[in-house]
Every structure is written in structure tokens, then in C-alpha cells.
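Structure file run31.csv (CSV, C-alpha atoms) is printed below.
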chain,number,residue,atom,x,y,z
X,1,MET,CA,60.9,28.2,117.0
X,2,SER,CA,59.8,24.7,116.0
X,3,GLY,CA,56.3,26.1,115.3
X,4,LEU,CA,57.8,28.7,113.0
X,5,ASN,CA,59.8,26.0,111.1
X,6,ILE,CA,56.6,24.0,110.6
X,7,SER,CA,54.8,27.1,109.2
X,8,ILE,CA,57.7,27.8,106.8
X,9,GLY,CA,57.5,24.1,105.8
X,10,PHE,CA,53.8,24.6,105.1
X,11,PHE,CA,54.6,27.6,102.9
X,12,PHE,CA,57.1,25.6,100.8
X,13,LEU,CA,54.7,22.7,100.5
X,14,VAL,CA,51.9,24.9,99.2
X,15,LEU,CA,54.4,26.8,96.9
X,16,GLY,CA,55.6,23.5,95.4
X,17,THR,CA,52.0,22.3,94.9
X,18,CYS,CA,51.1,25.5,93.1
X,19,GLU,CA,54.2,25.4,91.0
X,20,VAL,CA,53.4,21.9,89.9
X,21,LEU,CA,49.9,23.0,89.0
X,22,ARG,CA,51.3,25.9,86.9
X,23,ARG,CA,53.7,23.7,85.0
X,24,LEU,CA,51.1,21.1,84.3
X,25,SER,CA,48.7,23.7,83.0
X,26,LYS,CA,51.4,25.0,80.7
X,27,ARG,CA,52.0,21.6,79.2
X,28,LEU,CA,48.4,20.3,79.1
X,29,LEU,CA,46.5,23.5,78.3
X,30,ALA,CA,46.8,25.7,75.2
X,31,PRO,CA,48.0,29.2,75.9
X,32,GLY,CA,45.1,31.5,76.3
X,33,LEU,CA,42.1,31.8,78.7
X,34,LEU,CA,42.4,28.3,80.2
X,35,GLY,CA,46.1,28.7,81.0
X,36,CYS,CA,45.4,32.1,82.5
X,37,LEU,CA,42.6,30.7,84.7
X,38,ALA,CA,44.9,27.9,85.9
X,39,ALA,CA,47.5,30.5,86.9
X,40,GLU,CA,44.8,32.5,88.7
X,41,LEU,CA,43.7,29.4,90.6
X,42,ALA,CA,47.3,28.6,91.7
X,43,GLY,CA,48.0,32.2,92.7
X,44,SER,CA,44.9,32.5,94.7
X,45,LEU,CA,45.5,29.2,96.5
X,46,LEU,CA,49.0,30.2,97.4
X,47,LEU,CA,48.1,33.7,98.5
X,48,CYS,CA,45.1,32.6,100.7
X,49,SER,CA,46.9,29.7,102.4
X,50,GLY,CA,50.0,31.8,103.1
X,51,CYS,CA,48.0,34.8,104.4
X,52,LEU,CA,45.8,32.7,106.7
X,53,GLU,CA,48.8,31.1,108.3
X,54,LEU,CA,50.6,34.4,108.7
X,55,ARG,CA,47.5,36.1,110.2
X,56,MET,CA,47.3,33.2,112.7
X,57,LEU,CA,51.0,33.8,113.6
X,58,LEU,CA,50.3,37.6,113.9
X,59,GLU,CA,47.4,37.1,116.3
X,60,ILE,CA,48.6,34.1,118.3
X,61,GLY,CA,52.3,34.3,117.7
X,62,PRO,CA,53.0,36.6,120.7
X,63,TRP,CA,51.8,33.8,123.0
X,64,GLY,CA,54.4,31.5,121.4
X,65,GLY,CA,57.2,34.0,121.5
X,66,LEU,CA,56.9,35.3,117.9
X,67,GLY,CA,57.0,39.1,117.6
X,68,PRO,CA,55.3,41.1,114.9
X,69,ASP,CA,58.7,41.8,113.2
X,70,VAL,CA,59.1,38.2,112.4
X,71,VAL,CA,55.6,37.8,111.0
X,72,LEU,CA,55.8,41.0,108.9
X,73,THR,CA,59.1,39.8,107.5
X,74,LEU,CA,57.4,36.6,106.4
X,75,PHE,CA,54.6,38.7,104.9
X,76,PHE,CA,57.2,40.6,102.8
X,77,LEU,CA,58.8,37.3,101.6
X,78,LEU,CA,55.4,35.7,100.9
X,79,PHE,CA,54.3,38.5,98.7
X,80,MET,CA,57.7,38.7,97.0
X,81,VAL,CA,57.5,34.9,96.1
X,82,HIS,CA,53.8,35.1,95.2
X,83,THR,CA,54.4,38.0,92.7
X,84,ALA,CA,57.5,36.4,91.3
X,85,CYS,CA,55.8,33.1,90.6
X,86,ALA,CA,52.4,34.4,89.7
X,87,ASN,CA,53.1,34.1,85.9
X,88,GLY,CA,50.9,37.2,85.2
X,89,ALA,CA,48.1,36.1,87.6
X,90,ALA,CA,46.5,38.8,89.7
X,91,ALA,CA,44.9,36.7,92.4
X,92,ASN,CA,43.0,39.8,93.4
X,93,PRO,CA,39.5,40.8,91.9
X,94,THR,CA,40.3,44.5,92.1
X,95,ILE,CA,43.4,44.0,89.9
X,96,SER,CA,41.4,42.0,87.4
X,97,LEU,CA,38.7,44.7,87.3
X,98,GLN,CA,41.4,47.3,86.8
X,99,GLU,CA,42.7,45.4,83.8
X,100,PHE,CA,39.2,45.3,82.4
X,101,LEU,CA,38.8,49.1,82.8
X,102,LEU,CA,42.1,49.6,81.1
X,103,PHE,CA,41.0,47.5,78.0
X,104,GLU,CA,43.6,44.9,78.9
X,105,CYS,CA,41.0,42.1,79.4
X,106,GLY,CA,37.6,41.4,78.0
X,107,PRO,CA,34.4,41.0,80.0
X,108,VAL,CA,34.1,37.2,79.7
X,109,ALA,CA,37.7,36.7,80.7
X,110,THR,CA,37.3,39.1,83.6
X,111,VAL,CA,34.2,37.3,85.0
X,112,ALA,CA,35.9,34.0,84.7
X,113,LYS,CA,39.0,35.3,86.6
X,114,LEU,CA,36.8,36.6,89.4
X,115,LEU,CA,35.1,33.2,89.8
X,116,VAL,CA,38.4,31.3,89.7
X,117,GLN,CA,40.0,33.7,92.2
X,118,CYS,CA,37.1,33.0,94.6
X,119,VAL,CA,37.4,29.3,94.1
X,120,GLY,CA,41.2,29.4,94.6
X,121,ALA,CA,40.8,31.4,97.8
X,122,GLY,CA,38.2,28.9,99.0
X,123,MET,CA,40.5,26.0,98.3
X,124,GLY,CA,43.3,27.8,100.2
X,125,TRP,CA,41.0,28.2,103.2
X,126,ALA,CA,40.0,24.5,103.2
X,127,LEU,CA,43.6,23.4,102.8
X,128,THR,CA,44.7,25.6,105.7
X,129,LYS,CA,41.8,24.5,107.9
X,130,LEU,CA,42.8,20.9,107.3
X,131,TYR,CA,46.4,21.7,108.1
X,132,TRP,CA,45.4,23.4,111.4
X,133,SER,CA,43.3,20.3,112.3
X,134,TRP,CA,46.4,18.2,112.5
X,135,GLU,CA,47.5,20.3,115.5
X,136,LEU,CA,51.2,20.1,114.7
X,137,THR,CA,52.0,23.0,117.1
X,138,GLN,CA,50.4,24.5,120.1
X,139,LEU,CA,49.6,27.6,118.1
X,140,HIS,CA,47.6,25.5,115.7
X,141,LEU,CA,45.7,23.9,118.6
X,142,ILE,CA,44.7,27.4,119.8
X,143,GLN,CA,43.8,28.4,116.3
X,144,LYS,CA,41.6,25.3,115.8
X,145,LEU,CA,39.7,26.2,119.0
X,146,MET,CA,39.3,29.8,118.0
X,147,ALA,CA,38.3,29.0,114.3
X,148,SER,CA,35.3,27.0,115.4
X,149,GLU,CA,33.8,30.3,116.8
X,150,CYS,CA,35.8,32.9,114.9
X,151,SER,CA,34.9,36.6,115.3
X,152,SER,CA,34.7,39.3,112.6
X,153,SER,CA,37.8,41.1,111.5
X,154,ILE,CA,35.9,44.4,111.4
X,155,ARG,CA,36.9,46.0,114.7
X,156,THR,CA,35.4,49.4,114.0
X,157,SER,CA,32.3,50.8,112.4
X,158,PRO,CA,31.4,49.5,108.9
X,159,HIS,CA,31.7,53.0,107.4
X,160,LEU,CA,35.2,53.6,108.9
X,161,GLY,CA,36.2,50.0,108.0
X,162,ALA,CA,35.2,50.6,104.4
X,163,LEU,CA,37.2,53.8,104.4
X,164,VAL,CA,40.2,52.0,105.7
X,165,GLU,CA,40.0,49.2,103.1
X,166,ALA,CA,39.5,51.8,100.4
X,167,ALA,CA,42.5,53.7,101.5
X,168,CYS,CA,44.7,50.6,101.5
X,169,SER,CA,43.4,49.6,98.1
X,170,PHE,CA,44.0,53.2,96.8
X,171,PHE,CA,47.6,53.3,97.8
X,172,PHE,CA,48.3,49.8,96.7
X,173,HIS,CA,46.8,50.3,93.2
X,174,LEU,CA,48.5,53.7,92.9
X,175,VAL,CA,51.9,52.1,93.5
X,176,LEU,CA,50.9,49.2,91.2
X,177,LEU,CA,50.0,51.5,88.3
X,178,ARG,CA,53.3,53.3,88.8
X,179,VAL,CA,55.6,50.3,88.8
X,180,ARG,CA,53.7,47.7,86.7
X,181,ARG,CA,55.9,48.4,83.7
X,182,SER,CA,59.1,48.5,85.7
X,183,PRO,CA,61.7,45.6,85.8
X,184,ALA,CA,60.9,42.8,88.2
X,185,VAL,CA,64.0,43.7,90.3
X,186,CYS,CA,62.4,47.0,91.1
X,187,ARG,CA,58.7,46.1,91.0
X,188,LEU,CA,58.7,43.1,93.4
X,189,PRO,CA,60.3,44.8,96.5
X,190,VAL,CA,58.3,48.0,96.1
X,191,LEU,CA,55.0,46.1,95.9
X,192,ALA,CA,56.0,43.8,98.8
X,193,THR,CA,57.0,46.7,101.0
X,194,THR,CA,53.7,48.5,100.2
X,195,VAL,CA,51.6,45.5,101.1
X,196,THR,CA,53.6,44.9,104.3
X,197,PHE,CA,53.3,48.5,105.5
X,198,LEU,CA,49.6,48.6,104.8
X,199,THR,CA,49.1,45.3,106.6
X,200,TYR,CA,50.9,46.6,109.6
X,201,VAL,CA,48.9,49.9,109.7
X,202,ALA,CA,45.4,48.6,109.0
X,203,THR,CA,45.3,45.2,110.6
X,204,PRO,CA,43.9,46.5,114.0
X,205,ALA,CA,40.9,48.0,112.2
X,206,THR,CA,39.9,45.6,109.5
X,207,GLY,CA,42.6,43.0,109.1
X,208,ALA,CA,44.0,44.8,106.1
X,209,PHE,CA,42.8,42.4,103.4
X,210,PHE,CA,42.1,44.9,100.5
X,211,ASN,CA,41.6,41.7,98.4
X,212,PRO,CA,37.8,40.8,98.2
X,213,ALA,CA,38.5,37.1,97.3
X,214,LEU,CA,40.9,36.7,100.3
X,215,ALA,CA,38.5,38.5,102.6
X,216,THR,CA,35.5,36.4,101.5
X,217,ALA,CA,37.4,33.1,102.3
X,218,SER,CA,38.9,34.4,105.5
X,219,THR,CA,36.2,36.2,107.4
X,220,PHE,CA,32.8,36.1,105.8
X,221,LEU,CA,31.9,33.0,107.7
X,222,CYS,CA,32.7,34.5,111.1
X,223,THR,CA,30.1,35.9,113.4
X,224,GLY,CA,29.9,39.5,114.5
X,225,SER,CA,29.1,41.3,111.3
X,226,SER,CA,26.3,41.0,108.8
X,227,LEU,CA,26.7,40.0,105.1
X,228,GLN,CA,25.9,43.6,104.1
X,229,GLU,CA,28.6,44.9,106.3
X,230,TYR,CA,31.1,42.4,105.0
X,231,ILE,CA,30.3,43.4,101.4
X,232,GLN,CA,30.5,47.1,102.2
X,233,VAL,CA,33.9,46.8,103.9
X,234,TYR,CA,35.7,44.1,101.9
X,235,TRP,CA,34.2,44.5,98.4
X,236,LEU,CA,32.9,48.0,98.0
X,237,GLY,CA,35.7,49.6,99.9
X,238,PRO,CA,38.6,48.1,97.9
X,239,LEU,CA,36.7,48.6,94.6
X,240,ALA,CA,36.2,52.3,95.4
X,241,GLY,CA,39.9,52.7,96.3
X,242,MET,CA,40.9,51.1,93.0
X,243,LEU,CA,38.6,53.4,91.0
X,244,ALA,CA,40.0,56.4,92.8
X,245,ALA,CA,43.6,55.4,92.2
X,246,LEU,CA,42.9,54.7,88.5
X,247,LEU,CA,41.2,58.0,88.1
X,248,LEU,CA,44.0,59.9,89.8
X,249,TYR,CA,46.7,58.2,87.8
X,250,GLN,CA,45.1,58.1,84.4
X,251,GLY,CA,42.9,61.2,84.7
X,252,ASN,CA,40.0,59.1,83.5
X,253,ILE,CA,38.6,55.6,83.4
X,254,PRO,CA,39.2,54.4,79.8
X,255,ARG,CA,36.3,51.9,79.8
X,256,PHE,CA,33.8,54.7,80.7
X,257,PHE,CA,35.4,58.0,79.5
X,258,GLN,CA,37.4,58.8,76.4
X,259,ARG,CA,38.6,62.2,77.3
X,260,ASN,CA,40.8,63.1,80.2
X,261,LEU,CA,38.7,64.4,83.1
X,262,LEU,CA,41.5,65.7,85.4
X,263,TYR,CA,44.5,66.7,83.3
X,264,GLY,CA,44.4,69.0,80.3
X,265,GLN,CA,46.2,67.5,77.2
X,266,ARG,CA,48.9,69.9,76.0
X,267,SER,CA,50.4,69.9,72.5
X,268,LYS,CA,53.7,68.2,72.2
X,269,TYR,CA,55.1,71.0,70.1
X,270,ARG,CA,54.8,74.7,70.8
X,271,ILE,CA,54.8,77.3,68.1
X,272,PRO,CA,56.8,80.4,69.0
X,273,LYS,CA,54.1,83.0,68.2
X,274,ALA,CA,56.4,86.0,68.6
X,275,ARG,CA,59.0,84.7,66.1
X,276,VAL,CA,56.3,83.9,63.6
X,277,THR,CA,55.0,87.5,63.9
X,278,HIS,CA,58.4,89.0,63.4
X,279,ALA,CA,59.1,86.8,60.4
X,280,GLU,CA,55.8,87.7,58.8
X,281,ASP,CA,56.5,91.4,59.4
X,282,GLY,CA,59.9,91.0,57.8
X,283,GLU,CA,58.4,89.3,54.8
X,284,GLN,CA,55.9,92.1,54.4
X,285,ARG,CA,58.6,94.7,54.6
X,286,GLN,CA,60.8,92.9,52.0
X,287,LYS,CA,57.8,92.7,49.7
X,288,GLY,CA,57.2,96.4,50.1
X,289,LYS,CA,60.8,97.3,49.3
X,290,GLY,CA,60.7,95.0,46.3
X,291,GLU,CA,57.7,96.6,44.9
X,292,LYS,CA,59.2,100.1,45.3
X,293,SER,CA,62.6,99.1,43.8
X,294,ASN,CA,61.2,97.2,40.9
X,295,PRO,CA,58.4,99.3,39.4
X,296,ALA,CA,56.4,97.9,36.6
X,297,PRO,CA,57.8,98.7,33.1
X,298,HIS,CA,56.1,101.5,31.3
X,299,ALA,CA,54.7,100.9,27.8
Mind turning this structure into C-alpha cells?
Amino acid sequence: MSGLNISIGFFFLVLGTCEVLRRLSKRLLAPGLLGCLAAELAGSLLLCSGCLELRMLLEIGPWGGLGPDVVLTLFFLLFMVHTACANGAAANPTISLQEFLLFECGPVATVAKLLVQCVGAGMGWALTKLYWSWELTQLHLIQKLMASECSSSIRTSPHLGALVEAACSFFFHLVLLRVRRSPAVCRLPVLATTVTFLTYVATPATGAFFNPALATASTFLCTGSSLQEYIQVYWLGPLAGMLAALLLYQGNIPRFFQRNLLYGQRSKYRIPKARVTHAEDGEQRQKGKGEKSNPAPHA
């Protein structure tokens, strides 16, 4: 239990650091692209550090008496806190690309967000590695020994792994598109529940990242898979899932197609054809009667 308390203390430390970074950026930077990039940096740092620590607890925790129910509960709380404090930051390249495809963000800002998200995830990885090197608990000692020769998180074929990551990204983005305009009291628990469930289901196959920046910082340096396989599973897979979710929800991809490809657009108002026909017949009959009853005057 002391190890769990230390991990929770680490979460609060990183959360406080990111919150200070957000507040300083609001005061020192003008609202706009720079403030948005600062929020992305803080959000990616928090998400990567928290997820790395929780994945360590999920893999090594059973040796220390921690069950998966405890770790998944912490996953739920972590994503709740991350989303509530994100200040509009995505901390996920597929979400930023989705905003670009929906005309909610320009190309320059999107590229800048992607770079900052990768930098923030790298900072989170370095901070967590430093924290593990202090060997504050026995779990951290084991993780330090394992991290020196880490193995790939892809525990299946690359094609099946890409399909798993695509499916996770598809369901996550479909839920995100559905609830993104909803009040925070409804949006936060729905998204956190979705992420926790997908993590529980897909972790044995690929680690259930469905976040390219997080996966790049977490597993790309591990042996066991090639760079091509990593890109196929953790970049192309989530991107394909996001595109499929956007196409299914919108019926098109606004950045590429103007018209709806899946759903026919129906008119908002319907004209009752039968009534119009009867009315026209009635008018013709009244005109006919009027012409017969009012003959033209003879000279």
C-alpha cells in the first residue's frame, strides 16, 4: 500500500507542475496559438507521466499485491482529471487531426500541436524514468531493471495489432464526437469510462495506447518490433480508426468532401402533394363555375 501512496503522490506532483505551467502561460502569453501550445505541452506531459506509472502498476502491480481493479480505477480518475484540467488541449495527435479535418484548426496550428504533443510526451517519459531511478518502492526497482531492456508492447502480429488500435481509436472518437458538445458533468465520465474499458480490453494485444504521441514515447525505443511495425500499429492504426469514426458520424470528411457520402440530405419541410392537387382541382372547378354563371355581356 505504501507503493500505491507514492504513485498517487507522484500523480499529484506532476498535476501541480502542469497546473503551474498552465497558469503561467495564461499570464505571460497572449491568448492564441502560443497559449494553446503551452496547454498541449502540459496536457501531454501529465497524460504520458500518469499513463507510464499506471502501466507499470498494471504489469508489476500483481507482484506487489495490487489488483487490476485498483489500477483501472486510477486510470479512470487520471483521465477524468486530465480532461477536466486540459483547458481545451487534446494531448492526442488523432484528436488534433480530427479538428483539422472539421475545419476547427488550421494547418500551421495543427502541425505545431503535433510537434508539441510529441515533445510533451517525451518530457513525460524522461520525468517518469528519472522518478523510477530513485527506486522509492520495490516496484520501481523492478521497473528500472526491466526498462533497461524493455520489450515491445505489440504481442500479436502487426496487422492484427493495427486493427486493434484502429478499433480502439474508432470507438473512442465515435464517443468523443457524440459527447464533445455535452456539458462537462456528462462528457468527462463517459470519456473516462470509454478509455478505461478500451484499455482493459486491448492491453494484452498492443498495450491499448490509441494515442500516437504516447505510444512513441512509451514503446518505440523498446526492442522486439521494427520502426515500420511501430508506425503501422501505433500511428496508421489510430489514424484509420479516427477517419472511419469521422466518416460514420458526419457522413463525410469536411476537409476533403463537401457533399454527404453516406446519408442523403432530406428537406426540412415536406409539401403535401395530395392536398395541393385537391386545392388546384377545387380552384379549377370554381373558375369553371364562375365562367358559366357570369357570361360576358352581349353588345
Do you have the atom CA of Phe170 of chain X-atom CA of Thr199 of chain X distance handy?
13.6 Å
Can you work out the spacing between atom CA of Arg255 of chain X and atom CA of Thr94 of chain X in Å, to one decimal?
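Separating atom CA of Arg255 of chain X from atom CA of Thr94 of chain X is a distance of 14.9 Å.
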Measuring atom to atom with all atoms listed in the file, identify which of X:Asn5, X:Thr17, X:Ser182, X:Thr216 is nearest to Asn92 of chain X.
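Closest candidate: X:Thr216.
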Contact table segment 201-241 of chain X vs segment 104-119 of chain X, cut-off 10 Å, shortest pair per residue, all atoms listed in the file, as CSV:
residue,atom,partner,partner_atom,distance
X:Pro212,CA,X:Cys118,CA,8.6
X:Ala213,CA,X:Cys118,CA,5.1
X:Leu214,CA,X:Cys118,CA,7.8
X:Ala215,CA,X:Cys118,CA,9.8
X:Thr216,CA,X:Cys118,CA,7.9
X:Ala217,CA,X:Cys118,CA,7.7
Would you mind exporting the chosen residues as a PDB file, in the frame of the given file, restricted to C-alpha atoms?
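Output file selection18.pdb follows:
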ATOM      1  CA  PRO X 212      37.800  40.800  98.200  1.00  0.00           C
ATOM      2  CA  ALA X 213      38.500  37.100  97.300  1.00  0.00           C
ATOM      3  CA  LEU X 214      40.900  36.700 100.300  1.00  0.00           C
ATOM      4  CA  ALA X 215      38.500  38.500 102.600  1.00  0.00           C
ATOM      5  CA  THR X 216      35.500  36.400 101.500  1.00  0.00           C
ATOM      6  CA  ALA X 217      37.400  33.100 102.300  1.00  0.00           C
TER       7      ALA X 217
END
Counting all atoms listed in the file, which residues come within 12 Å of (29.6, 38.0, 106.3), with the point read in the file's coordinates, and could you list them as a list of chain:residue names?
X:Cys150, X:Ser151, X:Ser152, X:Ser153, X:Ile154, X:Pro158, X:Pro212, X:Ala215, X:Thr216, X:Ala217, X:Ser218, X:Thr219, X:Phe220, X:Leu221, X:Cys222, X:Thr223, X:Gly224, X:Ser225, X:Ser226, X:Leu227, X:Gln228, X:Glu229, X:Tyr230, X:Ile231, X:Gln232, X:Val233, X:Tyr234, X:Trp235
Write out as a compact mmCIF listing (two decimals) with C-alpha atoms, in the coordinates of the input the residues lying within 12 Å of Thr203 of chain X, counting all atoms listed in the file and excluding same-chain residues fewer than 4 positions away.
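File written: around-v6.txt
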# COMPACT_ATOMS: atom_id res chain seq x y z
CA ARG X 55 47.50 36.10 110.20
CA LEU X 58 50.30 37.60 113.90
CA GLU X 59 47.40 37.10 116.30
CA PRO X 68 55.30 41.10 114.90
CA LEU X 72 55.80 41.00 108.90
CA SER X 153 37.80 41.10 111.50
CA ILE X 154 35.90 44.40 111.40
CA ARG X 155 36.90 46.00 114.70
CA THR X 156 35.40 49.40 114.00
CA GLY X 161 36.20 50.00 108.00
CA VAL X 164 40.20 52.00 105.70
CA GLU X 165 40.00 49.20 103.10
CA CYS X 168 44.70 50.60 101.50
CA VAL X 195 51.60 45.50 101.10
CA THR X 196 53.60 44.90 104.30
CA PHE X 197 53.30 48.50 105.50
CA LEU X 198 49.60 48.60 104.80
CA THR X 199 49.10 45.30 106.60
CA GLY X 207 42.60 43.00 109.10
CA ALA X 208 44.00 44.80 106.10
CA PHE X 209 42.80 42.40 103.40
CA PHE X 210 42.10 44.90 100.50
Using only C-alpha atoms, determine which residues lie at most 6 Å from Gly251 of chain X, disregarding the query and same-chain residues fewer than 4 positions distant; provide the list as a list of chain:residue names.
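Here the answer would be X:Leu247, X:Asn260, X:Leu261, X:Leu262, X:Tyr263.
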Among listed residues X:Leu24, X:Leu13, X:Met146, X:Leu74, nearest Lys129 of chain X (using all atoms listed in the file)
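Closest to Lys129 of chain X of all the choices is X:Met146.
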Would you mind telling me which residue in X:Gly3, X:Ala244, X:Ala86, X:Val175 lies nearest to Gln138 of chain X when using all atoms listed in the file?
X:Gly3
Report, in Å with one decimal, the straight-line distance from atom CA of Leu191 of chain X to atom CA of Ile95 of chain X.
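Atom CA of Ile95 of chain X lies at a distance of 13.2 Å from atom CA of Leu191 of chain X.
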Residue with the minimum atom-to-atom distance to Arg187 of chain X, picked from X:Gln258, X:Asn211, X:Thr128, X:Thr83 with only C-alpha atoms counted, is X:Thr83
Counting all atoms listed in the file, what is within 9 Å of Leu127 of chain X, bar same-chain residues fewer than 4 positions away, as JSON, numbers by chain?
{"X": [45, 49, 122, 123, 131, 132]}
Here is a test: counting only C-alpha atoms, which residue of X:Leu141, X:Met80, X:Leu66, X:Ala121 is nearest to Val185 of chain X?
X:Met80
Tyr249 of chain X surroundings by all atoms listed in the file, 9 Å radius, close-in-sequence under 5 positions cut, as a count of residues only:
4
